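**Q** The structure file input24.pdb (PDB, C-alpha atoms and all ligand atoms) is provided below.
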```pdb
ATOM      1  CA  MET A   1      84.066  26.273 122.192
ATOM      2  CA  LYS A   2      85.666  22.914 121.587
ATOM      3  CA  ARG A   3      88.153  24.536 119.225
ATOM      4  CA  THR A   4      88.964  27.245 121.729
ATOM      5  CA  LEU A   5      89.625  24.668 124.405
ATOM      6  CA  LEU A   6      91.822  22.706 122.048
ATOM      7  CA  ALA A   7      93.788  25.831 121.149
ATOM      8  CA  LEU A   8      94.115  26.718 124.815
ATOM      9  CA  GLY A   9      95.341  23.202 125.572
ATOM     10  CA  LEU A  10      97.939  23.460 122.834
ATOM     11  CA  LEU A  11      99.119  26.794 124.164
ATOM     12  CA  LEU A  12      99.494  25.353 127.663
ATOM     13  CA  LEU A  13     101.402  22.409 126.268
ATOM     14  CA  LEU A  14     103.753  24.718 124.405
ATOM     15  CA  ALA A  15     104.279  26.878 127.453
ATOM     16  CA  ALA A  16     105.012  23.856 129.629
ATOM     17  CA  ALA A  17     107.457  22.217 127.189
ATOM     18  CA  PRO A  18     110.944  22.773 128.554
ATOM     19  CA  ALA A  19     113.404  24.566 126.287
ATOM     20  CA  ALA A  20     116.069  22.227 124.933
ATOM     21  CA  ALA A  21     118.831  21.978 127.543
ATOM     22  CA  LYS A  22     121.928  23.868 126.533
ATOM     23  CA  VAL A  23     125.449  22.504 126.830
ATOM     24  CA  ASN A  24     126.973  24.339 129.781
ATOM     25  CA  ILE A  25     130.547  25.317 128.999
ATOM     26  CA  VAL A  26     133.038  26.826 131.453
ATOM     27  CA  THR A  27     136.366  28.054 130.078
ATOM     28  CA  SER A  28     139.448  29.431 131.799
ATOM     29  CA  LEU A  29     139.813  32.224 129.205
ATOM     30  CA  GLN A  30     137.335  34.501 127.466
ATOM     31  CA  ASP A  31     139.066  33.580 124.204
ATOM     32  CA  PHE A  32     137.918  29.962 124.476
ATOM     33  CA  ALA A  33     134.415  31.105 125.500
ATOM     34  CA  SER A  34     134.270  33.318 122.418
ATOM     35  CA  ILE A  35     135.307  30.466 120.109
ATOM     36  CA  ALA A  36     132.881  28.093 121.877
ATOM     37  CA  ASP A  37     130.075  30.651 121.408
ATOM     38  CA  ALA A  38     130.891  30.906 117.707
ATOM     39  CA  VAL A  39     130.930  27.124 117.245
ATOM     40  CA  GLY A  40     128.133  26.249 119.683
ATOM     41  CA  GLY A  41     125.738  29.057 118.765
ATOM     42  CA  SER A  42     122.357  28.852 120.493
ATOM     43  CA  ARG A  43     122.994  25.281 121.705
ATOM     44  CA  VAL A  44     125.575  26.338 124.302
ATOM     45  CA  GLU A  45     125.906  28.596 127.325
ATOM     46  CA  THR A  46     129.437  29.776 128.102
ATOM     47  CA  PHE A  47     131.144  31.265 131.147
ATOM     48  CA  ALA A  48     134.799  32.314 131.390
ATOM     49  CA  LEU A  49     136.585  32.330 134.751
ATOM     50  CA  ALA A  50     139.340  34.843 133.892
ATOM     51  CA  ARG A  51     138.480  38.296 132.591
ATOM     52  CA  GLY A  52     140.414  39.393 129.520
ATOM     53  CA  TYR A  53     142.209  42.181 131.410
ATOM     54  CA  GLN A  54     143.465  39.842 134.175
ATOM     55  CA  ASP A  55     146.768  37.987 134.285
ATOM     56  CA  PRO A  56     145.662  34.505 133.145
ATOM     57  CA  HIS A  57     148.337  32.884 135.361
ATOM     58  CA  PHE A  58     146.891  34.354 138.545
ATOM     59  CA  VAL A  59     143.108  34.365 138.682
ATOM     60  CA  GLU A  60     141.402  35.054 141.991
ATOM     61  CA  PRO A  61     139.026  32.171 142.730
ATOM     62  CA  LYS A  62     135.442  33.114 143.609
ATOM     63  CA  PRO A  63     132.708  30.962 145.195
ATOM     64  CA  SER A  64     130.575  31.554 142.090
ATOM     65  CA  PHE A  65     133.202  29.714 140.023
ATOM     66  CA  VAL A  66     132.563  26.504 141.995
ATOM     67  CA  LEU A  67     128.837  26.760 141.301
ATOM     68  CA  LYS A  68     129.443  27.315 137.581
ATOM     69  CA  LEU A  69     131.849  24.365 137.474
ATOM     70  CA  SER A  70     129.421  22.111 139.358
ATOM     71  CA  ARG A  71     126.848  22.638 136.582
ATOM     72  CA  ALA A  72     129.272  22.421 133.646
ATOM     73  CA  ASP A  73     129.062  19.775 130.924
ATOM     74  CA  LEU A  74     132.357  20.889 129.423
ATOM     75  CA  LEU A  75     135.461  22.640 130.779
ATOM     76  CA  ILE A  76     137.916  24.123 128.294
ATOM     77  CA  VAL A  77     141.416  25.003 129.550
ATOM     78  CA  ALA A  78     144.680  26.235 128.049
ATOM     79  CA  GLY A  79     146.663  23.559 129.864
ATOM     80  CA  LEU A  80     150.494  23.674 129.965
ATOM     81  CA  GLU A  81     149.985  24.661 133.627
ATOM     82  CA  LEU A  82     148.532  28.096 132.798
ATOM     83  CA  GLU A  83     145.690  27.427 135.274
ATOM     84  CA  ILE A  84     147.729  25.434 137.811
ATOM     85  CA  GLY A  85     147.574  28.260 140.379
ATOM     86  CA  TYR A  86     143.803  28.333 140.798
ATOM     87  CA  LEU A  87     141.803  25.764 138.833
ATOM     88  CA  PRO A  88     142.569  22.299 140.325
ATOM     89  CA  PRO A  89     141.083  23.098 143.784
ATOM     90  CA  LEU A  90     138.003  24.619 142.115
ATOM     91  CA  ILE A  91     137.418  21.438 140.099
ATOM     92  CA  ASP A  92     137.726  19.418 143.333
ATOM     93  CA  GLN A  93     135.261  21.655 145.126
ATOM     94  CA  SER A  94     132.768  21.450 142.265
ATOM     95  CA  ARG A  95     132.482  17.657 142.795
ATOM     96  CA  ASN A  96     131.698  17.387 139.096
ATOM     97  CA  ASP A  97     133.356  14.240 137.751
ATOM     98  CA  LYS A  98     132.271  15.087 134.190
ATOM     99  CA  ILE A  99     134.876  17.852 133.908
ATOM    100  CA  ARG A 100     137.890  16.306 135.644
ATOM    101  CA  PRO A 101     141.104  15.994 133.615
ATOM    102  CA  GLY A 102     140.744  12.902 131.467
ATOM    103  CA  ALA A 103     136.927  12.886 131.595
ATOM    104  CA  ALA A 104     134.797  13.410 128.466
ATOM    105  CA  GLY A 105     133.868  16.936 129.572
ATOM    106  CA  TYR A 106     137.466  18.165 129.879
ATOM    107  CA  LEU A 107     139.083  19.743 126.844
ATOM    108  CA  ASP A 108     142.722  20.840 126.947
ATOM    109  CA  ALA A 109     142.989  23.285 124.040
ATOM    110  CA  SER A 110     146.764  22.869 123.832
ATOM    111  CA  ASN A 111     146.283  19.389 122.339
ATOM    112  CA  GLY A 112     146.799  19.791 118.609
ATOM    113  CA  SER A 113     147.728  23.493 118.812
ATOM    114  CA  ASP A 114     151.112  24.766 117.671
ATOM    115  CA  ILE A 115     152.982  25.059 120.983
ATOM    116  CA  LEU A 116     156.279  26.948 121.091
ATOM    117  CA  GLU A 117     159.176  26.743 123.551
ATOM    118  CA  ARG A 118     158.513  23.180 124.651
ATOM    119  CA  PRO A 119     161.343  22.217 127.014
ATOM    120  CA  THR A 120     163.733  19.572 125.786
ATOM    121  CA  GLY A 121     165.531  18.874 129.069
ATOM    122  CA  THR A 122     164.334  18.298 132.603
ATOM    123  CA  VAL A 123     161.643  20.734 133.717
ATOM    124  CA  THR A 124     162.678  22.780 136.750
ATOM    125  CA  ARG A 125     161.097  25.646 138.614
ATOM    126  CA  ALA A 126     164.427  26.845 139.965
ATOM    127  CA  MET A 127     164.150  29.962 137.824
ATOM    128  CA  GLY A 128     160.558  30.665 138.871
ATOM    129  CA  ASP A 129     159.475  29.976 135.311
ATOM    130  CA  VAL A 130     155.684  29.964 134.826
ATOM    131  CA  HIS A 131     155.972  28.264 131.415
ATOM    132  CA  PRO A 132     157.446  24.887 132.360
ATOM    133  CA  PHE A 133     155.839  22.800 129.589
ATOM    134  CA  GLY A 134     155.948  25.223 126.675
ATOM    135  CA  ASN A 135     154.422  28.633 126.079
ATOM    136  CA  PRO A 136     150.769  28.617 127.239
ATOM    137  CA  HIS A 137     149.801  31.839 125.387
ATOM    138  CA  TYR A 138     149.335  29.950 122.118
ATOM    139  CA  TRP A 139     145.752  31.149 121.495
ATOM    140  CA  LEU A 140     147.268  34.404 120.179
ATOM    141  CA  ASP A 141     147.786  32.860 116.750
ATOM    142  CA  PRO A 142     144.637  32.798 114.604
ATOM    143  CA  GLU A 143     145.696  29.459 113.133
ATOM    144  CA  ASN A 144     145.677  27.994 116.633
ATOM    145  CA  GLY A 145     142.229  29.564 117.020
ATOM    146  CA  ARG A 146     141.158  27.506 114.017
ATOM    147  CA  ILE A 147     142.590  24.314 115.553
ATOM    148  CA  ILE A 148     140.866  25.087 118.878
ATOM    149  CA  ALA A 149     137.540  25.751 117.097
ATOM    150  CA  ARG A 150     137.762  22.376 115.345
ATOM    151  CA  ALA A 151     138.529  20.630 118.644
ATOM    152  CA  ILE A 152     135.558  22.347 120.311
ATOM    153  CA  ALA A 153     133.252  21.401 117.414
ATOM    154  CA  ALA A 154     134.357  17.753 117.662
ATOM    155  CA  LYS A 155     133.897  17.734 121.438
ATOM    156  CA  LEU A 156     130.431  19.354 121.244
ATOM    157  CA  THR A 157     129.388  16.838 118.582
ATOM    158  CA  GLU A 158     130.497  14.037 120.919
ATOM    159  CA  LEU A 159     128.618  15.476 123.929
ATOM    160  CA  ASP A 160     125.547  16.645 121.997
ATOM    161  CA  PRO A 161     125.205  14.548 118.802
ATOM    162  CA  ALA A 162     121.807  16.121 117.995
ATOM    163  CA  GLY A 163     123.620  19.393 117.289
ATOM    164  CA  ALA A 164     126.156  17.897 114.865
ATOM    165  CA  ALA A 165     124.834  19.728 111.790
ATOM    166  CA  ASP A 166     124.706  23.059 113.655
ATOM    167  CA  TYR A 167     128.256  22.679 114.960
ATOM    168  CA  LYS A 168     129.528  21.821 111.508
ATOM    169  CA  ALA A 169     127.855  24.856 109.915
ATOM    170  CA  ASN A 170     128.942  27.213 112.724
ATOM    171  CA  LEU A 171     132.518  25.967 112.507
ATOM    172  CA  ALA A 172     132.587  26.580 108.757
ATOM    173  CA  ALA A 173     131.282  30.124 109.271
ATOM    174  CA  PHE A 174     133.888  30.816 111.991
ATOM    175  CA  GLU A 175     136.707  29.469 109.848
ATOM    176  CA  ALA A 176     135.608  31.643 106.934
ATOM    177  CA  LYS A 177     135.753  34.712 109.215
ATOM    178  CA  LEU A 178     139.221  33.708 110.406
ATOM    179  CA  THR A 179     140.452  33.294 106.850
ATOM    180  CA  GLU A 180     139.107  36.729 105.936
ATOM    181  CA  GLY A 181     140.675  38.185 109.080
ATOM    182  CA  GLN A 182     144.059  36.668 108.299
ATOM    183  CA  LYS A 183     144.108  38.428 104.943
ATOM    184  CA  ARG A 184     143.326  41.729 106.667
ATOM    185  CA  TRP A 185     145.926  41.261 109.416
ATOM    186  CA  ASP A 186     148.637  40.038 107.041
ATOM    187  CA  ALA A 187     148.077  43.115 104.866
ATOM    188  CA  GLN A 188     148.398  45.443 107.897
ATOM    189  CA  LEU A 189     151.511  43.875 109.423
ATOM    190  CA  GLY A 190     153.129  42.549 106.233
ATOM    191  CA  PRO A 191     155.199  45.725 105.667
ATOM    192  CA  TYR A 192     156.905  45.221 109.048
ATOM    193  CA  ALA A 193     158.004  41.592 108.578
ATOM    194  CA  GLY A 194     161.281  40.928 110.374
ATOM    195  CA  THR A 195     160.860  43.844 112.831
ATOM    196  CA  GLU A 196     162.228  43.154 116.303
ATOM    197  CA  VAL A 197     160.133  44.145 119.315
ATOM    198  CA  VAL A 198     160.398  43.868 123.097
ATOM    199  CA  THR A 199     157.522  42.523 125.194
ATOM    200  CA  TYR A 200     156.910  42.624 128.939
ATOM    201  CA  HIS A 201     155.951  39.000 129.594
ATOM    202  CA  ASN A 202     156.592  36.289 127.011
ATOM    203  CA  SER A 203     152.912  36.298 125.991
ATOM    204  CA  TRP A 204     153.312  36.781 122.263
ATOM    205  CA  PRO A 205     155.590  34.173 120.665
ATOM    206  CA  ASN A 206     152.777  32.646 118.590
ATOM    207  CA  PHE A 207     151.435  36.056 117.592
ATOM    208  CA  LEU A 208     154.891  37.317 116.579
ATOM    209  CA  LYS A 209     155.710  34.139 114.664
ATOM    210  CA  ARG A 210     152.438  34.271 112.758
ATOM    211  CA  PHE A 211     153.069  37.859 111.652
ATOM    212  CA  LYS A 212     156.805  37.364 111.016
ATOM    213  CA  LEU A 213     157.920  39.618 113.861
ATOM    214  CA  VAL A 214     160.687  38.812 116.329
ATOM    215  CA  ALA A 215     160.972  39.137 120.114
ATOM    216  CA  ALA A 216     164.387  40.686 120.822
ATOM    217  CA  GLY A 217     163.920  40.647 124.609
ATOM    218  CA  TYR A 218     161.547  40.945 127.554
ATOM    219  CA  ILE A 219     161.066  43.373 130.427
ATOM    220  CA  GLU A 220     160.839  40.308 132.687
ATOM    221  CA  PRO A 221     164.196  38.550 133.118
ATOM    222  CA  LYS A 222     162.300  35.197 133.072
ATOM    223  CA  PRO A 223     158.570  34.540 132.652
ATOM    224  CA  GLY A 224     156.907  35.342 135.971
ATOM    225  CA  ILE A 225     159.984  37.110 137.442
ATOM    226  CA  PRO A 226     159.608  40.892 137.970
ATOM    227  CA  PRO A 227     162.107  43.246 136.285
ATOM    228  CA  SER A 228     165.503  43.640 137.976
ATOM    229  CA  PRO A 229     167.820  46.683 137.639
ATOM    230  CA  ALA A 230     170.674  44.669 136.089
ATOM    231  CA  HIS A 231     168.407  43.060 133.499
ATOM    232  CA  THR A 232     166.766  46.414 132.700
ATOM    233  CA  VAL A 233     170.129  48.100 132.025
ATOM    234  CA  GLU A 234     171.133  45.260 129.716
ATOM    235  CA  LEU A 235     167.776  45.446 127.923
ATOM    236  CA  ILE A 236     168.034  49.223 127.430
ATOM    237  CA  ASN A 237     171.528  48.897 125.907
ATOM    238  CA  MET A 238     170.382  46.168 123.544
ATOM    239  CA  MET A 239     167.293  48.166 122.511
ATOM    240  CA  ILE A 240     169.313  51.298 121.755
ATOM    241  CA  GLU A 241     171.831  49.299 119.756
ATOM    242  CA  LYS A 242     169.136  47.503 117.756
ATOM    243  CA  LYS A 243     166.824  50.557 117.499
ATOM    244  CA  ILE A 244     163.841  48.524 118.782
ATOM    245  CA  PRO A 245     160.730  50.544 117.811
ATOM    246  CA  VAL A 246     158.095  49.260 120.256
ATOM    247  CA  ILE A 247     157.556  47.641 123.647
ATOM    248  CA  LEU A 248     154.399  45.543 123.911
ATOM    249  CA  MET A 249     152.998  45.221 127.413
ATOM    250  CA  GLU A 250     150.051  43.364 128.862
ATOM    251  CA  PRO A 251     147.454  45.553 130.641
ATOM    252  CA  TYR A 252     147.912  43.918 134.062
ATOM    253  CA  PHE A 253     151.572  44.759 134.767
ATOM    254  CA  ASP A 254     153.054  47.788 136.529
ATOM    255  CA  GLN A 255     153.970  50.420 133.940
ATOM    256  CA  LYS A 256     156.916  51.868 135.902
ATOM    257  CA  THR A 257     159.766  49.866 134.355
ATOM    258  CA  PRO A 258     158.386  49.724 130.801
ATOM    259  CA  LYS A 259     157.776  53.502 130.920
ATOM    260  CA  ALA A 260     161.342  54.117 132.057
ATOM    261  CA  VAL A 261     162.689  51.812 129.326
ATOM    262  CA  SER A 262     160.515  53.586 126.765
ATOM    263  CA  GLU A 263     161.890  56.997 127.839
ATOM    264  CA  LYS A 264     165.518  55.819 127.749
ATOM    265  CA  THR A 265     165.250  54.104 124.368
ATOM    266  CA  GLY A 266     162.620  56.101 122.484
ATOM    267  CA  ALA A 267     160.630  52.912 121.842
ATOM    268  CA  THR A 268     156.857  53.400 121.857
ATOM    269  CA  LEU A 269     155.112  51.662 124.771
ATOM    270  CA  VAL A 270     152.007  49.880 123.468
ATOM    271  CA  THR A 271     149.434  48.243 125.759
ATOM    272  CA  PHE A 272     148.655  45.059 123.876
ATOM    273  CA  ILE A 273     145.530  43.034 124.663
ATOM    274  CA  PRO A 274     146.229  39.348 125.291
ATOM    275  CA  SER A 275     142.616  38.169 125.540
ATOM    276  CA  VAL A 276     139.062  38.771 124.434
ATOM    277  CA  GLY A 277     137.455  41.280 126.844
ATOM    278  CA  GLY A 278     140.776  43.024 127.592
ATOM    279  CA  VAL A 279     139.164  46.165 126.157
ATOM    280  CA  PRO A 280     135.529  46.592 125.085
ATOM    281  CA  GLU A 281     136.565  46.671 121.390
ATOM    282  CA  ALA A 282     138.040  43.164 121.678
ATOM    283  CA  LYS A 283     134.575  41.685 122.098
ATOM    284  CA  ASP A 284     135.311  38.362 120.402
ATOM    285  CA  TYR A 285     138.203  36.308 119.057
ATOM    286  CA  ILE A 286     138.201  38.008 115.635
ATOM    287  CA  SER A 287     137.960  41.576 116.958
ATOM    288  CA  LEU A 288     140.787  40.830 119.423
ATOM    289  CA  PHE A 289     143.157  40.494 116.463
ATOM    290  CA  ASP A 290     141.571  43.453 114.686
ATOM    291  CA  TYR A 291     142.303  45.569 117.766
ATOM    292  CA  ASP A 292     145.882  44.408 118.401
ATOM    293  CA  VAL A 293     146.976  44.367 114.776
ATOM    294  CA  LYS A 294     145.665  47.887 114.167
ATOM    295  CA  LEU A 295     147.380  49.148 117.309
ATOM    296  CA  LEU A 296     150.746  47.598 116.453
ATOM    297  CA  ALA A 297     150.649  48.517 112.769
ATOM    298  CA  GLY A 298     149.806  52.104 113.798
ATOM    299  CA  ALA A 299     152.687  52.291 116.276
ATOM    300  CA  LEU A 300     155.158  50.861 113.735
ATOM    301  CA  ALA A 301     153.927  53.183 110.993
ATOM    302  CA  ALA A 302     154.331  56.223 113.274
ATOM    303  CA  LYS A 303     157.898  55.110 114.079
ATOM    304  CA  LYS A 304     158.744  54.689 110.413
ATOM    305  CA  GLY A 305     157.306  58.097 109.615
ATOM    306  CA  ALA A 306     159.291  59.673 112.449
ATOM    307  CA  LYS A 307     162.642  58.506 111.056
ATOM    308  CA  PRO A 308     164.687  61.109 109.140
TER     309      PRO A 308
HETATM  310 ZN    ZN B   1     152.831  33.389 130.684
END
```
I need this file expressed as structure tokens, please.
**A**
Amino acid sequence: MKRTLLALGLLLLLAAAPAAAKVNIVTSLQDFASIADAVGGSRVETFALARGYQDPHFVEPKPSFVLKLSRADLLIVAGLELEIGYLPPLIDQSRNDKIRPGAAGYLDASNGSDILERPTGTVTRAMGDVHPFGNPHYWLDPENGRIIARAIAAKLTELDPAGAADYKANLAAFEAKLTEGQKRWDAQLGPYAGTEVVTYHNSWPNFLKRFKLVAAGYIEPKPGIPPSPAHTVELINMMIEKKIPVILMEPYFDQKTPKAVSEKTGATLVTFIPSVGGVPEAKDYISLFDYDVKLLAGALAAKKGAKP
């Protein structure tokens, strides 16, 4: 009887013991949430504000975002003003000082990443440019993913020192997967090194640089500016002259102009996925590259095969 009571008491104790509190992470992009999940493992809970199929410049704020932010221990953003259109008021409304810019719970993933197109002169919005401080789509280079993962591991270790060993091991496992992935992706796109492509928005400079491809032009006359007839005519002429094989477009733009350009030039229109969650197959940071690389390599191979 005594033993039974003791066992019962132990059971009650176990049931009453609270589970170890997780580090609550909110990210602007699903890509950062995916990397944070990989590095944080079971010690973290992540929530991304933007869905992978949405334009990351223009995210519709929801009341639930404020609640998530109010409970966050860590906020991870792309910075470079990618989130300027929606995030600052949400941080204010959350009244959570832990995640304000400059606070310990605020991580700007652009710090340390390879950022392209940084302006050298005075920054002006006269041209309606949405990339005033450099290209904010830098997560689309697996090597930047590695840098971001290391920054997240360091930040989590700072906020949750008890998890240091876990974060270190998880980071090593993630980096090993990235290294394996790079070999795969390099092998798939290697044969097309030097190929010029056209993209809708300037979302892919880091991706193209990593895989030795070149952006010859954009459907948008300037980042954030919708296509204009004059620019489109110029683009079509250039594409015909250079025999550009593919147009890469993000899933959230109107297909009308890119379709017309594709018909006029013979270039294949490919819907490229700029973020984790953009399609179900791109379920995490590694499979995002698996998806895009396969799609692009397939389109380029078909073009090569089609030539006389
Ligand atoms: Zn952009």
**Q** For range 147-163 of chain A, work out the shell of residues within 9 Å, counting all atoms listed in the file and skipping chain neighbours fewer than 2 positions away, then give it as a ChimeraX atom specification.
**A** /A:23,32,35-36,38-40,43,73-74,76,104-105,107,109-114,139,142-145,165-168,170-171,174-175
**Q** Report the distance between CA of Gly52 in chain A and CA of His137 in chain A in Å, rounded to one decimal place.
**A**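 So the two atoms, CA of Gly52 in chain A and CA of His137 in chain A, lie 12.7 Å apart.
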**Q** Enumerate residues in contact with ligand ZN 1 (chain B): an atom-to-atom distance of at most 7 Å, counting only C-alpha atoms and all ligand atoms. Format the result as a VMD selection string.
**A** chain A and resid 57 130 to 131 135 to 137 201 to 203 223 to 224
**Q** Next, the residues of the selection above should be written as an mmCIF file, in the coordinates of the input with C-alpha atoms.
**A**
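Final output, saved to selection-v1.cif:
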```cif
data_model
loop_
_atom_site.group_PDB
_atom_site.id
_atom_site.type_symbol
_atom_site.label_atom_id
_atom_site.label_comp_id
_atom_site.auth_asym_id
_atom_site.auth_seq_id
_atom_site.Cartn_x
_atom_site.Cartn_y
_atom_site.Cartn_z
ATOM 1 C CA HIS A 57 148.337 32.884 135.361
ATOM 2 C CA VAL A 130 155.684 29.964 134.826
ATOM 3 C CA HIS A 131 155.972 28.264 131.415
ATOM 4 C CA ASN A 135 154.422 28.633 126.079
ATOM 5 C CA PRO A 136 150.769 28.617 127.239
ATOM 6 C CA HIS A 137 149.801 31.839 125.387
ATOM 7 C CA HIS A 201 155.951 39.000 129.594
ATOM 8 C CA ASN A 202 156.592 36.289 127.011
ATOM 9 C CA SER A 203 152.912 36.298 125.991
ATOM 10 C CA PRO A 223 158.570 34.540 132.652
ATOM 11 C CA GLY A 224 156.907 35.342 135.971
#
```
**Q** Hey, can you check how far CA of Ala164 in chain A sits from CA of Gly41 in chain A?
**A** 11.8 Å
**Q** Please report the interatomic distance between CA of Thr120 in chain A and CA of Glu81 in chain A in Å with one decimal.
**A**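 CA of Glu81 in chain A lies 16.6 Å from CA of Thr120 in chain A.
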**Q** Which residue is closest to Glu234 in chain A? Choose from A:Gly79, A:Val261, A:Arg100, A:Asp254 and count only C-alpha atoms.
**A**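 Under the stated criterion, the closest residue is A:Val261.
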**Q** For Val279 in chain A, which residue out of A:Ser228, A:Gln54, A:Ser42, A:Asn237 is the nearest one, using only C-alpha atoms?
**A**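 Counting only C-alpha atoms, the residue closest to Val279 in chain A is A:Gln54.
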**Q** With all atoms listed in the file as the atoms that count, which of A:Lys303, A:Lys22, A:Arg51, A:Arg95 lies nearest to Tyr252 in chain A?
**A** A:Arg51
**Q** Please determine, counting all atoms listed in the file, which residue among A:Asn206, A:Ser275, A:Thr179, A:Asn24 has the shortest atom-to-atom distance to Leu75 in chain A.
**A**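 Under the stated criterion, the closest residue is A:Asn24.
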**Q** Skipping near chain neighbours, those fewer than 2 positions away, what residues fall within 12 Å of Lys283 in chain A using all atoms listed in the file, listed as a PyMOL selection string?
**A** chain A and resi 30-31+33-35+37+51-52+273+275-281+285-291
